[in-house]
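Below you'll find the structure, written out as structure tokens, and then a few comments.
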Amino acid sequence: MSAAHFGGARAVTAHLTALGHRRIGVVGGPHNWLAGQARLAGHTSALADVGVLADPALVRSAEPTAELGHRAAAELLDLPDRPTALVCFNDKAAVGALAAATERGLRVPADLSVTGFDDIDLASATTPRLTTVRQPLQEMGRIAVGLLVRLLDQHQLEALHIELATELVVRESTGPVPA
């Protein structure tokens, strides 16, 4: 069971491209995580919709923590031609990206847009509040418990994979591409 990683990532990148962003950095999850691969594919798909080829030089992979998100974002923001937006694997990595931006004197969203994924409580506690993709975490937990009970009762499961919809939550951390 999972959230719609591809669709969620596609939606958040499409939001950024609608704001004029074309040079979008990715603070992605580990290469071997299926969620990370699906989110990167969704990002790439949204860029292709506006005629932009994804630039591998704008992608960093890291464990999804604030500390490693900070490190990955810092690398991207220190590029000679830095991105105008960052899409982060999760809200914790996005918090690290916000800190890296602040350290470089960048204002979010005036100079840089930053997005997360998950919509944990932290996303609405940041300054500015984080644009993110909401995963139906409670619903995922409820379904997982139901499936576990069915397995323990030795019932046959009908579905091998369940994918739940995500929702783009636009807050103050994204804005038009800087002039």
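Convention: chains lettered A, B, ... in structure tokens order; per-chain residue numbering from 1; ligands numbered from 1 as shown.
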
Helix (DSSP H, G or I) positions in stretch 69-141 of chain A, given as a PyMOL selection string: chain A and resi 69-77+91-103+121-124+137-141

With a cut-off of 6 Å, could you pull out the residues of stretch 51-158 of chain A touching stretch 15-33 of chain A and give me the nearest pair of atoms for each, distance in Å to one decimal, using only C-alpha atoms, ordered by chain and ascending number, as a Markdown table?
```
| residue | atom | partner | partner_atom | distance |
| --- | --- | --- | --- | --- |
| A:Leu58 | CA | A:Gly25 | CA | 4.7 |
| A:Val59 | CA | A:Val26 | CA | 4.7 |
| A:Arg60 | CA | A:Val27 | CA | 5.2 |
| A:Ser61 | CA | A:Gly28 | CA | 4.6 |
| A:Ala62 | CA | A:Gly29 | CA | 5.2 |
| A:Glu63 | CA | A:Gly29 | CA | 5.7 |
| A:Pro64 | CA | A:Gly29 | CA | 5.9 |
| A:Pro83 | CA | A:Arg23 | CA | 4.9 |
| A:Thr84 | CA | A:Arg23 | CA | 5.8 |
| A:Ala85 | CA | A:Ile24 | CA | 4.8 |
| A:Leu86 | CA | A:Gly25 | CA | 4.6 |
| A:Val87 | CA | A:Val26 | CA | 5.0 |
| A:Cys88 | CA | A:Val27 | CA | 4.6 |
| A:Phe89 | CA | A:Gly28 | CA | 4.7 |
```

Need to verify the contact set: A:Ser113, 6 Å, only C-alpha atoms, exclusion of same-chain residues closer than 5 positions in sequence. Can you return it as a PDB file with C-alpha atoms, in the first residue's frame?
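Result file selection_22.pdb:
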```pdb
ATOM      1  CA  ALA A  85      12.678  26.101  -6.835  1.00  0.00           C
ATOM      2  CA  VAL A 108      11.305  32.035   0.372  1.00  0.00           C
ATOM      3  CA  SER A 173       6.580  28.660   0.409  1.00  0.00           C
ATOM      4  CA  THR A 174       5.959  28.840  -3.348  1.00  0.00           C
TER       5      THR A 174
END
```

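Proximity ranking of A:Ala35, A:Ala11, A:Ala74, A:Leu68 relative to A:Glu167 places A:Ala11 first, based on only C-alpha atoms.
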
Close residues, A:Thr65 itself excluded, 9 Å, only C-alpha atoms, min 2 positions apart in chain, as an NGL selection string: :A and (62-63 or 67-70 or 90-96)

Residue set, stretch 10-163 of chain A restricted to strand (DSSP E or B), as a ChimeraX atom specification: /A:24-28,59-61,85-88,113-115,118,131-134,163

I need the chosen residues saved as a compact mmCIF listing (two decimals), in the first residue's frame, with all heavy atoms.
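Output saved as again_19.txt:
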```txt
# COMPACT_ATOMS: atom_id res chain seq x y z
N ILE A 24 14.28 23.58 -11.72
CA ILE A 24 13.78 23.07 -10.45
C ILE A 24 14.72 21.98 -9.93
O ILE A 24 14.94 20.97 -10.60
CB ILE A 24 12.35 22.52 -10.60
CG1 ILE A 24 11.42 23.62 -11.14
CG2 ILE A 24 11.85 21.97 -9.27
CD1 ILE A 24 10.03 23.13 -11.52
N GLY A 25 15.26 22.20 -8.74
CA GLY A 25 16.12 21.21 -8.11
C GLY A 25 15.30 20.18 -7.36
O GLY A 25 14.18 20.46 -6.91
N VAL A 26 15.88 18.99 -7.21
CA VAL A 26 15.20 17.89 -6.51
C VAL A 26 16.07 17.43 -5.36
O VAL A 26 17.24 17.07 -5.56
CB VAL A 26 14.94 16.70 -7.46
CG1 VAL A 26 14.32 15.52 -6.69
CG2 VAL A 26 14.06 17.12 -8.62
N VAL A 27 15.52 17.47 -4.15
CA VAL A 27 16.14 16.84 -2.99
C VAL A 27 15.36 15.56 -2.80
O VAL A 27 14.33 15.53 -2.12
CB VAL A 27 16.08 17.75 -1.75
CG1 VAL A 27 16.67 17.04 -0.54
CG2 VAL A 27 16.81 19.07 -2.02
N GLY A 28 15.82 14.51 -3.49
CA GLY A 28 15.08 13.25 -3.53
C GLY A 28 15.48 12.29 -2.44
O GLY A 28 16.47 12.49 -1.73
N VAL A 59 19.63 17.13 -9.37
CA VAL A 59 19.04 16.09 -8.52
C VAL A 59 20.07 15.62 -7.50
O VAL A 59 21.21 15.30 -7.85
CB VAL A 59 18.55 14.89 -9.36
CG1 VAL A 59 18.00 13.78 -8.47
CG2 VAL A 59 17.50 15.33 -10.38
N ARG A 60 19.66 15.61 -6.25
CA ARG A 60 20.46 15.05 -5.16
C ARG A 60 19.60 14.02 -4.44
O ARG A 60 18.41 14.21 -4.28
CB ARG A 60 20.91 16.12 -4.16
CG ARG A 60 21.76 17.23 -4.75
CD ARG A 60 23.14 16.69 -5.18
NE ARG A 60 24.02 17.73 -5.66
CZ ARG A 60 24.05 18.22 -6.89
NH1 ARG A 60 23.18 17.77 -7.80
NH2 ARG A 60 24.91 19.15 -7.25
N SER A 61 20.22 12.95 -4.00
CA SER A 61 19.51 11.91 -3.25
C SER A 61 20.05 11.86 -1.84
O SER A 61 21.27 11.97 -1.63
CB SER A 61 19.68 10.55 -3.92
OG SER A 61 19.07 10.56 -5.18
N ALA A 85 13.60 26.83 -7.71
CA ALA A 85 12.68 26.10 -6.84
C ALA A 85 13.31 24.77 -6.46
O ALA A 85 14.15 24.24 -7.20
CB ALA A 85 11.34 25.86 -7.53
N LEU A 86 12.90 24.25 -5.30
CA LEU A 86 13.33 22.92 -4.85
C LEU A 86 12.11 22.09 -4.50
O LEU A 86 11.23 22.55 -3.76
CB LEU A 86 14.21 23.03 -3.60
CG LEU A 86 15.56 23.74 -3.73
CD1 LEU A 86 16.23 23.85 -2.36
CD2 LEU A 86 16.46 23.00 -4.71
N VAL A 87 12.05 20.88 -5.04
CA VAL A 87 11.04 19.91 -4.60
C VAL A 87 11.77 18.90 -3.73
O VAL A 87 12.79 18.35 -4.13
CB VAL A 87 10.30 19.23 -5.77
CG1 VAL A 87 9.45 20.22 -6.53
CG2 VAL A 87 11.24 18.53 -6.73
N CYS A 88 11.27 18.71 -2.54
CA CYS A 88 11.94 17.85 -1.56
C CYS A 88 11.15 16.57 -1.34
O CYS A 88 9.92 16.57 -1.39
CB CYS A 88 12.13 18.60 -0.24
SG CYS A 88 13.14 20.08 -0.43
N SER A 113 11.44 29.02 -4.34
CA SER A 113 10.26 28.28 -3.87
C SER A 113 10.73 26.92 -3.35
O SER A 113 11.65 26.32 -3.91
CB SER A 113 9.25 28.08 -5.01
OG SER A 113 8.62 29.31 -5.32
N VAL A 114 10.08 26.45 -2.29
CA VAL A 114 10.44 25.17 -1.67
C VAL A 114 9.16 24.39 -1.41
O VAL A 114 8.18 24.94 -0.91
CB VAL A 114 11.20 25.37 -0.35
CG1 VAL A 114 11.51 24.03 0.32
CG2 VAL A 114 12.49 26.16 -0.57
N THR A 115 9.17 23.10 -1.75
CA THR A 115 8.02 22.23 -1.50
C THR A 115 8.45 20.98 -0.76
O THR A 115 9.60 20.55 -0.84
CB THR A 115 7.31 21.81 -2.80
OG1 THR A 115 8.17 20.92 -3.53
CG2 THR A 115 6.96 23.01 -3.66
N ASP A 118 4.14 14.98 2.24
CA ASP A 118 3.59 14.27 3.40
C ASP A 118 2.53 15.10 4.10
O ASP A 118 1.54 14.57 4.54
CB ASP A 118 4.62 13.86 4.45
CG ASP A 118 5.58 12.78 3.97
OD1 ASP A 118 5.20 12.02 3.05
OD2 ASP A 118 6.69 12.70 4.52
N THR A 131 4.37 24.59 1.19
CA THR A 131 3.56 23.94 0.17
C THR A 131 4.01 22.49 0.12
O THR A 131 5.21 22.21 0.09
CB THR A 131 3.77 24.63 -1.21
OG1 THR A 131 3.23 25.95 -1.15
CG2 THR A 131 3.10 23.86 -2.33
N THR A 132 3.06 21.57 0.11
CA THR A 132 3.41 20.16 0.23
C THR A 132 2.35 19.29 -0.44
O THR A 132 1.35 19.78 -0.95
CB THR A 132 3.59 19.78 1.72
OG1 THR A 132 4.12 18.46 1.84
CG2 THR A 132 2.30 19.89 2.50
N VAL A 133 2.59 18.00 -0.44
CA VAL A 133 1.64 17.03 -0.94
C VAL A 133 1.13 16.23 0.25
O VAL A 133 1.93 15.64 0.98
CB VAL A 133 2.28 16.09 -1.99
CG1 VAL A 133 1.30 15.00 -2.41
CG2 VAL A 133 2.75 16.88 -3.20
N ARG A 134 -0.17 16.27 0.46
CA ARG A 134 -0.77 15.55 1.59
C ARG A 134 -0.95 14.08 1.23
O ARG A 134 -1.56 13.76 0.23
CB ARG A 134 -2.11 16.16 1.96
CG ARG A 134 -2.80 15.45 3.13
CD ARG A 134 -4.07 16.16 3.54
NE ARG A 134 -3.73 17.48 4.06
CZ ARG A 134 -4.46 18.57 3.88
NH1 ARG A 134 -5.57 18.52 3.17
NH2 ARG A 134 -4.08 19.73 4.39
N GLU A 163 -3.20 1.87 -3.93
CA GLU A 163 -2.61 3.20 -4.03
C GLU A 163 -3.68 4.23 -3.70
O GLU A 163 -4.75 4.23 -4.31
CB GLU A 163 -2.06 3.42 -5.44
CG GLU A 163 -1.29 4.70 -5.58
CD GLU A 163 -0.58 4.81 -6.90
OE1 GLU A 163 0.55 4.32 -6.99
OE2 GLU A 163 -1.18 5.37 -7.84
```

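Interatomic distance, atom CA of A:Ala54 against atom CA of A:Gly42: 11.0 Å.
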
Exercise: A:Gly7 partners within 12 Å, only C-alpha atoms, chain neighbours under 4 positions left out, as JSON, numbers by chain: {"A": [2, 3, 11, 12, 13, 14, 35, 38, 39, 40, 41, 42, 43, 44, 45, 46, 117, 133, 134, 135, 163, 164, 165, 166, 167, 168]}
